[in-house]
>>> print(open('structure-v6.cif').read())   # mmCIF, C-alpha atoms
data_model
loop_
_atom_site.group_PDB
_atom_site.id
_atom_site.type_symbol
_atom_site.label_atom_id
_atom_site.label_comp_id
_atom_site.auth_asym_id
_atom_site.auth_seq_id
_atom_site.Cartn_x
_atom_site.Cartn_y
_atom_site.Cartn_z
ATOM 1 C CA MET A 976 0.000 0.000 0.000
ATOM 2 C CA ASN A 977 1.407 3.346 -0.918
ATOM 3 C CA ILE A 978 0.911 6.706 0.739
ATOM 4 C CA SER A 979 -1.423 8.095 -1.909
ATOM 5 C CA SER A 980 -3.942 5.289 -1.392
ATOM 6 C CA ILE A 981 -3.967 5.889 2.387
ATOM 7 C CA ILE A 982 -4.523 9.601 1.890
ATOM 8 C CA SER A 983 -7.135 8.927 -0.783
ATOM 9 C CA ASP A 984 -9.050 6.498 1.475
ATOM 10 C CA ASP A 985 -8.993 8.956 4.395
ATOM 11 C CA TYR A 986 -10.167 11.766 2.127
ATOM 12 C CA THR A 987 -13.048 9.629 0.821
ATOM 13 C CA ASN A 988 -14.092 8.738 4.353
ATOM 14 C CA TYR A 989 -13.965 12.420 5.330
ATOM 15 C CA GLN A 990 -16.096 13.421 2.339
ATOM 16 C CA TYR A 991 -18.622 10.722 3.156
ATOM 17 C CA GLN A 992 -18.873 11.886 6.794
ATOM 18 C CA PHE A 993 -19.135 15.520 5.773
ATOM 19 C CA ARG A 994 -21.948 14.834 3.315
ATOM 20 C CA SER A 995 -23.911 12.796 5.830
ATOM 21 C CA GLU A 996 -23.692 15.596 8.443
ATOM 22 C CA LYS A 997 -24.701 18.294 5.997
ATOM 23 C CA LYS A 998 -27.873 20.134 6.977
ATOM 24 C CA THR A 999 -30.824 21.019 4.843
ATOM 25 C CA PRO A 1000 -30.891 24.616 3.523
ATOM 26 C CA GLU A 1001 -33.567 25.481 6.109
ATOM 27 C CA GLU A 1002 -31.500 24.069 8.971
ATOM 28 C CA ASP A 1003 -28.308 25.703 7.695
ATOM 29 C CA ASN A 1004 -29.818 29.204 7.326
ATOM 30 C CA PRO A 1005 -28.354 31.369 10.160
ATOM 31 C CA LEU A 1006 -31.249 33.834 9.845
ATOM 32 C CA LYS A 1007 -33.909 31.226 10.652
ATOM 33 C CA PRO A 1008 -34.713 31.096 14.381
ATOM 34 C CA LYS A 1009 -33.764 27.827 16.033
ATOM 35 C CA ASP A 1010 -34.591 26.168 19.327
ATOM 36 C CA VAL A 1011 -31.962 25.351 21.947
ATOM 37 C CA ALA A 1012 -31.165 22.069 20.170
ATOM 38 C CA GLY A 1013 -30.469 23.929 16.912
ATOM 39 C CA LYS A 1014 -33.623 22.724 15.179
ATOM 40 C CA PRO A 1015 -35.899 25.163 13.313
ATOM 41 C CA LEU A 1016 -38.706 26.595 15.427
ATOM 42 C CA SER A 1017 -42.294 25.548 14.898
ATOM 43 C CA GLU A 1018 -44.757 28.173 13.705
ATOM 44 C CA GLU A 1019 -46.175 28.467 17.241
ATOM 45 C CA ASP A 1020 -42.690 28.954 18.699
ATOM 46 C CA LYS A 1021 -41.906 31.579 16.029
ATOM 47 C CA LYS A 1022 -45.022 33.516 17.050
ATOM 48 C CA GLN A 1023 -44.021 33.313 20.702
ATOM 49 C CA VAL A 1024 -40.517 34.581 19.885
ATOM 50 C CA ASP A 1025 -42.000 37.457 17.863
ATOM 51 C CA GLU A 1026 -44.248 38.407 20.809
ATOM 52 C CA LEU A 1027 -41.326 38.221 23.223
ATOM 53 C CA LYS A 1028 -39.253 40.444 20.922
ATOM 54 C CA LYS A 1029 -42.055 43.037 20.794
ATOM 55 C CA THR A 1030 -42.479 42.922 24.576
ATOM 56 C CA ASP A 1031 -38.735 43.232 25.109
ATOM 57 C CA LYS A 1032 -38.545 46.282 22.854
ATOM 58 C CA LYS A 1033 -41.566 47.912 24.541
ATOM 59 C CA VAL A 1034 -40.259 47.260 28.075
ATOM 60 C CA ARG A 1035 -36.809 48.659 27.283
ATOM 61 C CA ALA A 1036 -38.276 51.787 25.639
ATOM 62 C CA HIS A 1037 -40.596 52.288 28.642
ATOM 63 C CA GLU A 1038 -37.734 52.149 31.144
ATOM 64 C CA GLN A 1039 -35.527 54.353 28.945
ATOM 65 C CA ALA A 1040 -38.268 57.006 28.961
ATOM 66 C CA HIS A 1041 -38.141 57.022 32.778
ATOM 67 C CA MET A 1042 -34.353 57.330 32.637
ATOM 68 C CA ALA A 1043 -34.383 60.185 30.140
ATOM 69 C CA ALA A 1044 -36.971 62.259 32.028
ATOM 70 C CA GLY A 1045 -35.700 61.500 35.528
ATOM 71 C CA GLY A 1046 -32.463 63.463 35.541
ATOM 72 C CA GLY A 1047 -31.323 63.902 39.128
ATOM 73 C CA VAL A 1048 -33.995 61.687 40.693
ATOM 74 C CA VAL A 1049 -33.182 58.344 39.044
ATOM 75 C CA ARG A 1050 -30.949 56.082 41.117
ATOM 76 C CA GLY A 1051 -28.950 53.658 39.001
ATOM 77 C CA GLY A 1052 -30.031 52.087 35.753
ATOM 78 C CA PRO A 1053 -33.075 50.056 34.865
ATOM 79 C CA SER A 1054 -33.419 46.484 36.073
ATOM 80 C CA TYR A 1055 -35.330 43.926 34.067
ATOM 81 C CA SER A 1056 -37.081 40.633 34.653
ATOM 82 C CA TYR A 1057 -36.580 38.126 31.872
ATOM 83 C CA GLN A 1058 -38.348 35.203 30.259
ATOM 84 C CA LYS A 1059 -36.499 32.599 28.238
ATOM 85 C CA GLY A 1060 -37.973 32.046 24.792
ATOM 86 C CA PRO A 1061 -38.204 28.805 22.831
ATOM 87 C CA ASP A 1062 -35.053 29.918 21.001
ATOM 88 C CA GLY A 1063 -33.102 29.867 24.278
ATOM 89 C CA ARG A 1064 -32.688 33.638 24.450
ATOM 90 C CA SER A 1065 -33.794 35.806 27.365
ATOM 91 C CA TYR A 1066 -36.307 38.575 26.696
ATOM 92 C CA ALA A 1067 -37.187 41.469 29.013
ATOM 93 C CA VAL A 1068 -40.818 41.130 30.065
ATOM 94 C CA GLY A 1069 -40.819 43.613 32.947
ATOM 95 C CA GLY A 1070 -38.647 46.365 34.306
ATOM 96 C CA GLU A 1071 -38.207 49.084 36.858
ATOM 97 C CA VAL A 1072 -36.222 52.222 37.479
ATOM 98 C CA SER A 1073 -35.519 53.378 41.017
ATOM 99 C CA ILE A 1074 -36.600 56.972 41.624
ATOM 100 C CA ASP A 1075 -35.712 58.950 44.740
ATOM 101 C CA THR A 1076 -39.004 60.289 46.148
ATOM 102 C CA SER A 1077 -37.637 61.581 49.456
ATOM 103 C CA LYS A 1078 -38.277 65.147 50.616
ATOM 104 C CA GLU A 1079 -35.571 67.770 50.290
ATOM 105 C CA LYS A 1080 -34.258 70.224 52.911
ATOM 106 C CA THR A 1081 -36.661 73.032 52.012
ATOM 107 C CA PRO A 1082 -40.264 73.025 50.807
ATOM 108 C CA GLN A 1083 -39.271 74.795 47.570
ATOM 109 C CA GLN A 1084 -36.606 72.170 46.828
ATOM 110 C CA THR A 1085 -39.135 69.437 47.566
ATOM 111 C CA ILE A 1086 -41.661 70.986 45.173
ATOM 112 C CA THR A 1087 -39.058 71.178 42.406
ATOM 113 C CA LYS A 1088 -37.938 67.603 43.005
ATOM 114 C CA MET A 1089 -41.486 66.236 43.050
ATOM 115 C CA GLN A 1090 -42.138 67.908 39.687
ATOM 116 C CA ARG A 1091 -39.165 65.955 38.284
ATOM 117 C CA VAL A 1092 -40.372 62.742 39.969
ATOM 118 C CA LYS A 1093 -43.835 63.154 38.467
ATOM 119 C CA ALA A 1094 -42.380 63.898 35.017
ATOM 120 C CA ALA A 1095 -40.146 60.807 35.217
ATOM 121 C CA ALA A 1096 -43.022 58.601 36.369
ATOM 122 C CA LEU A 1097 -45.331 59.729 33.564
ATOM 123 C CA ALA A 1098 -42.652 59.920 30.846
ATOM 124 C CA PRO A 1099 -43.573 56.702 28.990
ATOM 125 C CA GLY A 1100 -46.407 56.976 26.524
ATOM 126 C CA ASP A 1101 -48.224 54.212 28.379
ATOM 127 C CA PRO A 1102 -47.573 54.707 32.111
ATOM 128 C CA SER A 1103 -48.289 51.660 34.242
ATOM 129 C CA ALA A 1104 -50.469 51.651 37.360
ATOM 130 C CA GLN A 1105 -47.267 51.812 39.425
ATOM 131 C CA ASP A 1106 -46.060 54.793 37.369
ATOM 132 C CA ARG A 1107 -49.345 56.622 37.985
ATOM 133 C CA SER A 1108 -49.150 55.782 41.693
ATOM 134 C CA VAL A 1109 -45.649 57.267 41.964
ATOM 135 C CA ALA A 1110 -46.806 60.393 40.123
ATOM 136 C CA SER A 1111 -49.785 60.717 42.476
ATOM 137 C CA GLN A 1112 -47.561 60.332 45.535
ATOM 138 C CA ALA A 1113 -45.184 62.961 44.145
ATOM 139 C CA GLU A 1114 -48.110 65.341 43.614
ATOM 140 C CA ALA A 1115 -49.292 64.767 47.207
ATOM 141 C CA THR A 1116 -45.789 65.377 48.578
ATOM 142 C CA ALA A 1117 -45.522 68.556 46.487
ATOM 143 C CA ALA A 1118 -48.916 69.739 47.821
ATOM 144 C CA GLN A 1119 -47.704 69.219 51.400
ATOM 145 C CA ALA A 1120 -44.543 71.152 50.594
ATOM 146 C CA ARG A 1121 -46.588 74.004 49.053
ATOM 147 C CA ALA A 1122 -48.727 74.141 52.206
ATOM 148 C CA GLU A 1123 -45.591 74.232 54.341
ATOM 149 C CA LEU A 1124 -44.096 76.942 52.137
ATOM 150 C CA LEU A 1125 -47.290 79.021 52.425
ATOM 151 C CA LYS A 1126 -47.312 78.552 56.188
ATOM 152 C CA ASN A 1127 -43.673 79.630 56.392
ATOM 153 C CA GLN A 1128 -44.399 82.685 54.257
ATOM 154 C CA ARG A 1129 -47.336 83.646 56.501
ATOM 155 C CA ASN A 1130 -45.223 83.154 59.580
ATOM 156 C CA GLY A 1131 -42.612 85.386 57.993
ATOM 157 C CA GLU A 1132 -45.244 88.069 57.284
ATOM 158 C CA ASN A 1133 -46.529 87.794 60.836
ATOM 159 C CA ALA A 1134 -43.001 88.135 62.197
ATOM 160 C CA ALA A 1135 -42.473 91.231 60.044
ATOM 161 C CA ALA A 1136 -45.846 92.627 61.173
ATOM 162 C CA ARG A 1137 -44.910 92.238 64.841
ATOM 163 C CA THR A 1138 -41.954 94.538 64.294
ATOM 164 C CA ASP A 1139 -44.074 97.181 62.493
ATOM 165 C CA PRO A 1140 -47.377 97.953 64.344
ATOM 166 C CA ALA A 1141 -48.934 99.687 61.292
ATOM 167 C CA GLN A 1142 -48.182 96.628 59.125
ATOM 168 C CA SER A 1143 -49.506 94.379 61.891
ATOM 169 C CA ALA A 1144 -52.949 96.004 61.918
ATOM 170 C CA SER A 1145 -53.344 95.815 58.155
ATOM 171 C CA ASN A 1146 -52.235 92.127 57.950
ATOM 172 C CA THR A 1147 -53.951 90.773 61.026
ATOM 173 C CA TYR A 1148 -57.346 92.333 60.510
ATOM 174 C CA LYS A 1149 -57.461 92.548 56.781
ATOM 175 C CA GLY A 1150 -60.928 91.591 55.507
ATOM 176 C CA SER A 1151 -62.478 91.291 58.938
ATOM 177 C CA LEU A 1152 -64.959 94.143 59.566
ATOM 178 C CA ILE A 1153 -65.634 93.130 63.159
ATOM 179 C CA ASN A 1154 -61.969 93.216 64.093
ATOM 180 C CA LEU A 1155 -61.429 96.550 62.371
ATOM 181 C CA ILE A 1156 -64.311 98.165 64.259
ATOM 182 C CA ALA A 1157 -63.343 96.721 67.591
#
>>> encode(input="structure-v6.cif", output="structure tokens")
Amino acid sequence: MNISSIISDDYTNYQYQFRSEKKTPEEDNPLKPKDVAGKPLSEEDKKQVDELKKTDKKVRAHEQAHMAAGGGVVRGGPSYSYQKGPDGRSYAVGGEVSIDTSKEKTPQQTITKMQRVKAAALAPGDPSAQDRSVASQAEATAAQARAELLKNQRNGENAAARTDPAQSASNTYKGSLINLIA
């Protein structure tokens, strides 16, 4: 036996093995979705993958809207919950962005911050129930801060009026006929 016949026999065996392992054009197409075993997806699985892709895109856009509108009140990046599709890939099916809803040092700072919180919460085109709840809480906190600011302003006016008796009479009894007569 010479060397060329050994090489020729090995080459023939290799060709035979290669041909037998060759995939059909549908199986070999890298653009066709496949399951975790590498087999083409069924029509039902393809529909599920398409739905998961749409949901993933929608969830990511929703959370990005919160991020974009929440400058200064967003803490960290978005976090997602995932579902594995029939193709073995993970798709985002839920998400959240942490927003700082704490009060600030002054009522005015709190009002400004709550406006940003509300804007961040309602930024997506389709705010969730949780988004609307956060916006409502921010509005309530801002209303409390406005009441506190008004109270502080009145207390400041009253303090100024105590130092000026003429100012005191006009502020204290303003609009009250009985007090002005007495």
>>> resolve_selection(input="structure-v6.cif", expression="the PyMOL selection byres ((chain A and resi 1083) around 12)", output="list of chain:residue names")
A:Lys1078, A:Glu1079, A:Lys1080, A:Thr1081, A:Pro1082, A:Gln1084, A:Thr1085, A:Ile1086, A:Thr1087, A:Lys1088, A:Met1089, A:Gln1090, A:Thr1116, A:Ala1117, A:Ala1118, A:Gln1119, A:Ala1120, A:Arg1121, A:Ala1122, A:Glu1123, A:Leu1124, A:Leu1125, A:Asn1127, A:Gln1128
>>> resolve_selection(input="structure-v6.cif", expression="the PyMOL selection byres ((chain A and resi 1042-1045) around 7)", output="ChimeraX atom specification")
/A:1038-1041,1046-1049,1091-1092,1094-1095,1098
>>> atom_distance(input="structure-v6.cif", atom1="CA of Ser1103 in chain A", atom2="CA of Leu1027 in chain A")
18.7 Å
>>> atom_distance(input="structure-v6.cif", atom1="CA of Asp1106 in chain A", atom2="CA of Glu1026 in chain A")
23.4 Å
>>> resolve_selection(input="structure-v6.cif", expression="the PyMOL selection byres ((chain A and resi 1036) around 12)", output="list in words")
Lys1029, Thr1030, Asp1031, Lys1032, Lys1033, Val1034, Arg1035, His1037, Glu1038, Gln1039, Ala1040, His1041, Met1042, Ala1043, Pro1053, Tyr1055, Ala1067, Val1068, Gly1069, Gly1070, Glu1071, Ala1098, Pro1099, Gly1100, Asp1101 and Pro1102 of chain A
>>> residues_near_point(input="structure-v6.cif", point="(-36.3, 57.9, 43.4)", cutoff="7 Å", atoms="all atoms listed in the file", output="number ranges by chain")
A: 1048-1050, 1073-1076
>>> atom_distance(input="structure-v6.cif", atom1="CA of Gly1060 in chain A", atom2="CA of Gln1023 in chain A")
7.4 Å
>>> closest_residue(input="structure-v6.cif", among="A:Asn1130, A:Lys1093, A:Lys1021, A:Gln1058", to="Glu1114 in chain A", atoms="only C-alpha atoms")
A:Lys1093
>>> closest_residue(input="structure-v6.cif", among="A:Ala1113, A:Arg1129, A:Ala1096, A:Asp1062", to="Asp1025 in chain A", atoms="only C-alpha atoms")
A:Asp1062
>>> closest_residue(input="structure-v6.cif", among="A:Val1024, A:Gly1052, A:Ala1110, A:Pro1015", to="Val1072 in chain A", atoms="all atoms listed in the file")
A:Gly1052
>>> axis_aligned_box(input="structure-v6.cif", around="range 1093-1107 of chain A", padding_each_side="6 Å", output="JSON")
{"center_x": -45.3, "center_y": 57.8, "center_z": 33.0, "size_x": 22.3, "size_y": 24.2, "size_z": 24.9}
>>> build_atoms(input="structure-v6.cif", residues="range 1061-1093 of chain A", atoms="N, CA and C atoms", output="PDB file, keeping the file's coordinate frame")
ATOM      1  N   PRO A1061     -38.448  30.138  23.381  1.00  0.00           N
ATOM      2  CA  PRO A1061     -38.204  28.805  22.831  1.00  0.00           C
ATOM      3  C   PRO A1061     -36.885  28.725  22.059  1.00  0.00           C
ATOM      4  N   ASP A1062     -36.332  29.884  21.704  1.00  0.00           N
ATOM      5  CA  ASP A1062     -35.053  29.918  21.001  1.00  0.00           C
ATOM      6  C   ASP A1062     -33.870  29.933  21.964  1.00  0.00           C
ATOM      7  N   GLY A1063     -34.162  29.891  23.273  1.00  0.00           N
ATOM      8  CA  GLY A1063     -33.102  29.867  24.278  1.00  0.00           C
ATOM      9  C   GLY A1063     -32.614  31.235  24.710  1.00  0.00           C
ATOM     10  N   ARG A1064     -33.106  32.274  24.100  1.00  0.00           N
ATOM     11  CA  ARG A1064     -32.688  33.638  24.450  1.00  0.00           C
ATOM     12  C   ARG A1064     -33.586  34.197  25.546  1.00  0.00           C
ATOM     13  N   SER A1065     -33.028  35.138  26.308  1.00  0.00           N
ATOM     14  CA  SER A1065     -33.794  35.806  27.365  1.00  0.00           C
ATOM     15  C   SER A1065     -34.355  37.114  26.838  1.00  0.00           C
ATOM     16  N   TYR A1066     -35.625  37.363  27.144  1.00  0.00           N
ATOM     17  CA  TYR A1066     -36.307  38.575  26.696  1.00  0.00           C
ATOM     18  C   TYR A1066     -36.840  39.323  27.915  1.00  0.00           C
ATOM     19  N   ALA A1067     -36.661  40.646  27.926  1.00  0.00           N
ATOM     20  CA  ALA A1067     -37.187  41.469  29.013  1.00  0.00           C
ATOM     21  C   ALA A1067     -38.709  41.489  28.925  1.00  0.00           C
ATOM     22  N   VAL A1068     -39.360  41.127  30.032  1.00  0.00           N
ATOM     23  CA  VAL A1068     -40.818  41.130  30.065  1.00  0.00           C
ATOM     24  C   VAL A1068     -41.345  42.063  31.157  1.00  0.00           C
ATOM     25  N   GLY A1069     -40.459  42.664  31.906  1.00  0.00           N
ATOM     26  CA  GLY A1069     -40.819  43.613  32.947  1.00  0.00           C
ATOM     27  C   GLY A1069     -39.582  44.409  33.315  1.00  0.00           C
ATOM     28  N   GLY A1070     -39.791  45.558  33.925  1.00  0.00           N
ATOM     29  CA  GLY A1070     -38.647  46.365  34.306  1.00  0.00           C
ATOM     30  C   GLY A1070     -39.016  47.413  35.323  1.00  0.00           C
ATOM     31  N   GLU A1071     -37.986  48.002  35.914  1.00  0.00           N
ATOM     32  CA  GLU A1071     -38.207  49.084  36.858  1.00  0.00           C
ATOM     33  C   GLU A1071     -36.985  49.987  36.906  1.00  0.00           C
ATOM     34  N   VAL A1072     -37.258  51.219  37.271  1.00  0.00           N
ATOM     35  CA  VAL A1072     -36.222  52.222  37.479  1.00  0.00           C
ATOM     36  C   VAL A1072     -36.448  52.778  38.874  1.00  0.00           C
ATOM     37  N   SER A1073     -35.392  52.835  39.663  1.00  0.00           N
ATOM     38  CA  SER A1073     -35.519  53.378  41.017  1.00  0.00           C
ATOM     39  C   SER A1073     -35.485  54.905  40.965  1.00  0.00           C
ATOM     40  N   ILE A1074     -36.488  55.517  41.591  1.00  0.00           N
ATOM     41  CA  ILE A1074     -36.600  56.972  41.624  1.00  0.00           C
ATOM     42  C   ILE A1074     -36.618  57.413  43.081  1.00  0.00           C
ATOM     43  N   ASP A1075     -35.792  58.402  43.384  1.00  0.00           N
ATOM     44  CA  ASP A1075     -35.712  58.950  44.740  1.00  0.00           C
ATOM     45  C   ASP A1075     -36.906  59.876  44.967  1.00  0.00           C
ATOM     46  N   THR A1076     -37.805  59.494  45.869  1.00  0.00           N
ATOM     47  CA  THR A1076     -39.004  60.289  46.148  1.00  0.00           C
ATOM     48  C   THR A1076     -38.944  60.937  47.526  1.00  0.00           C
ATOM     49  N   SER A1077     -37.763  60.990  48.123  1.00  0.00           N
ATOM     50  CA  SER A1077     -37.637  61.581  49.456  1.00  0.00           C
ATOM     51  C   SER A1077     -37.764  63.101  49.391  1.00  0.00           C
ATOM     52  N   LYS A1078     -38.164  63.694  50.531  1.00  0.00           N
ATOM     53  CA  LYS A1078     -38.277  65.147  50.616  1.00  0.00           C
ATOM     54  C   LYS A1078     -36.885  65.767  50.658  1.00  0.00           C
ATOM     55  N   GLU A1079     -36.821  67.018  50.261  1.00  0.00           N
ATOM     56  CA  GLU A1079     -35.571  67.770  50.290  1.00  0.00           C
ATOM     57  C   GLU A1079     -35.511  68.625  51.560  1.00  0.00           C
ATOM     58  N   LYS A1080     -34.458  69.424  51.700  1.00  0.00           N
ATOM     59  CA  LYS A1080     -34.258  70.224  52.911  1.00  0.00           C
ATOM     60  C   LYS A1080     -35.277  71.344  53.066  1.00  0.00           C
ATOM     61  N   THR A1081     -35.708  71.923  51.946  1.00  0.00           N
ATOM     62  CA  THR A1081     -36.661  73.032  52.012  1.00  0.00           C
ATOM     63  C   THR A1081     -37.923  72.663  51.229  1.00  0.00           C
ATOM     64  N   PRO A1082     -39.026  73.290  51.560  1.00  0.00           N
ATOM     65  CA  PRO A1082     -40.264  73.025  50.807  1.00  0.00           C
ATOM     66  C   PRO A1082     -40.116  73.329  49.313  1.00  0.00           C
ATOM     67  N   GLN A1083     -39.432  74.430  48.982  1.00  0.00           N
ATOM     68  CA  GLN A1083     -39.271  74.795  47.570  1.00  0.00           C
ATOM     69  C   GLN A1083     -38.462  73.735  46.831  1.00  0.00           C
ATOM     70  N   GLN A1084     -37.412  73.226  47.458  1.00  0.00           N
ATOM     71  CA  GLN A1084     -36.606  72.170  46.828  1.00  0.00           C
ATOM     72  C   GLN A1084     -37.434  70.894  46.667  1.00  0.00           C
ATOM     73  N   THR A1085     -38.270  70.615  47.636  1.00  0.00           N
ATOM     74  CA  THR A1085     -39.135  69.437  47.566  1.00  0.00           C
ATOM     75  C   THR A1085     -40.126  69.573  46.420  1.00  0.00           C
ATOM     76  N   ILE A1086     -40.710  70.745  46.272  1.00  0.00           N
ATOM     77  CA  ILE A1086     -41.661  70.986  45.173  1.00  0.00           C
ATOM     78  C   ILE A1086     -40.981  70.755  43.825  1.00  0.00           C
ATOM     79  N   THR A1087     -39.802  71.327  43.657  1.00  0.00           N
ATOM     80  CA  THR A1087     -39.058  71.178  42.406  1.00  0.00           C
ATOM     81  C   THR A1087     -38.732  69.706  42.132  1.00  0.00           C
ATOM     82  N   LYS A1088     -38.286  69.017  43.173  1.00  0.00           N
ATOM     83  CA  LYS A1088     -37.938  67.603  43.005  1.00  0.00           C
ATOM     84  C   LYS A1088     -39.163  66.768  42.659  1.00  0.00           C
ATOM     85  N   MET A1089     -40.279  67.027  43.309  1.00  0.00           N
ATOM     86  CA  MET A1089     -41.486  66.236  43.050  1.00  0.00           C
ATOM     87  C   MET A1089     -42.021  66.472  41.639  1.00  0.00           C
ATOM     88  N   GLN A1090     -41.773  67.656  41.089  1.00  0.00           N
ATOM     89  CA  GLN A1090     -42.138  67.908  39.687  1.00  0.00           C
ATOM     90  C   GLN A1090     -41.318  67.001  38.766  1.00  0.00           C
ATOM     91  N   ARG A1091     -40.023  66.837  39.082  1.00  0.00           N
ATOM     92  CA  ARG A1091     -39.165  65.955  38.284  1.00  0.00           C
ATOM     93  C   ARG A1091     -39.577  64.490  38.464  1.00  0.00           C
ATOM     94  N   VAL A1092     -39.928  64.110  39.702  1.00  0.00           N
ATOM     95  CA  VAL A1092     -40.372  62.742  39.969  1.00  0.00           C
ATOM     96  C   VAL A1092     -41.637  62.436  39.161  1.00  0.00           C
ATOM     97  N   LYS A1093     -42.588  63.355  39.204  1.00  0.00           N
ATOM     98  CA  LYS A1093     -43.835  63.154  38.467  1.00  0.00           C
ATOM     99  C   LYS A1093     -43.571  63.056  36.968  1.00  0.00           C
TER     100      LYS A1093
END
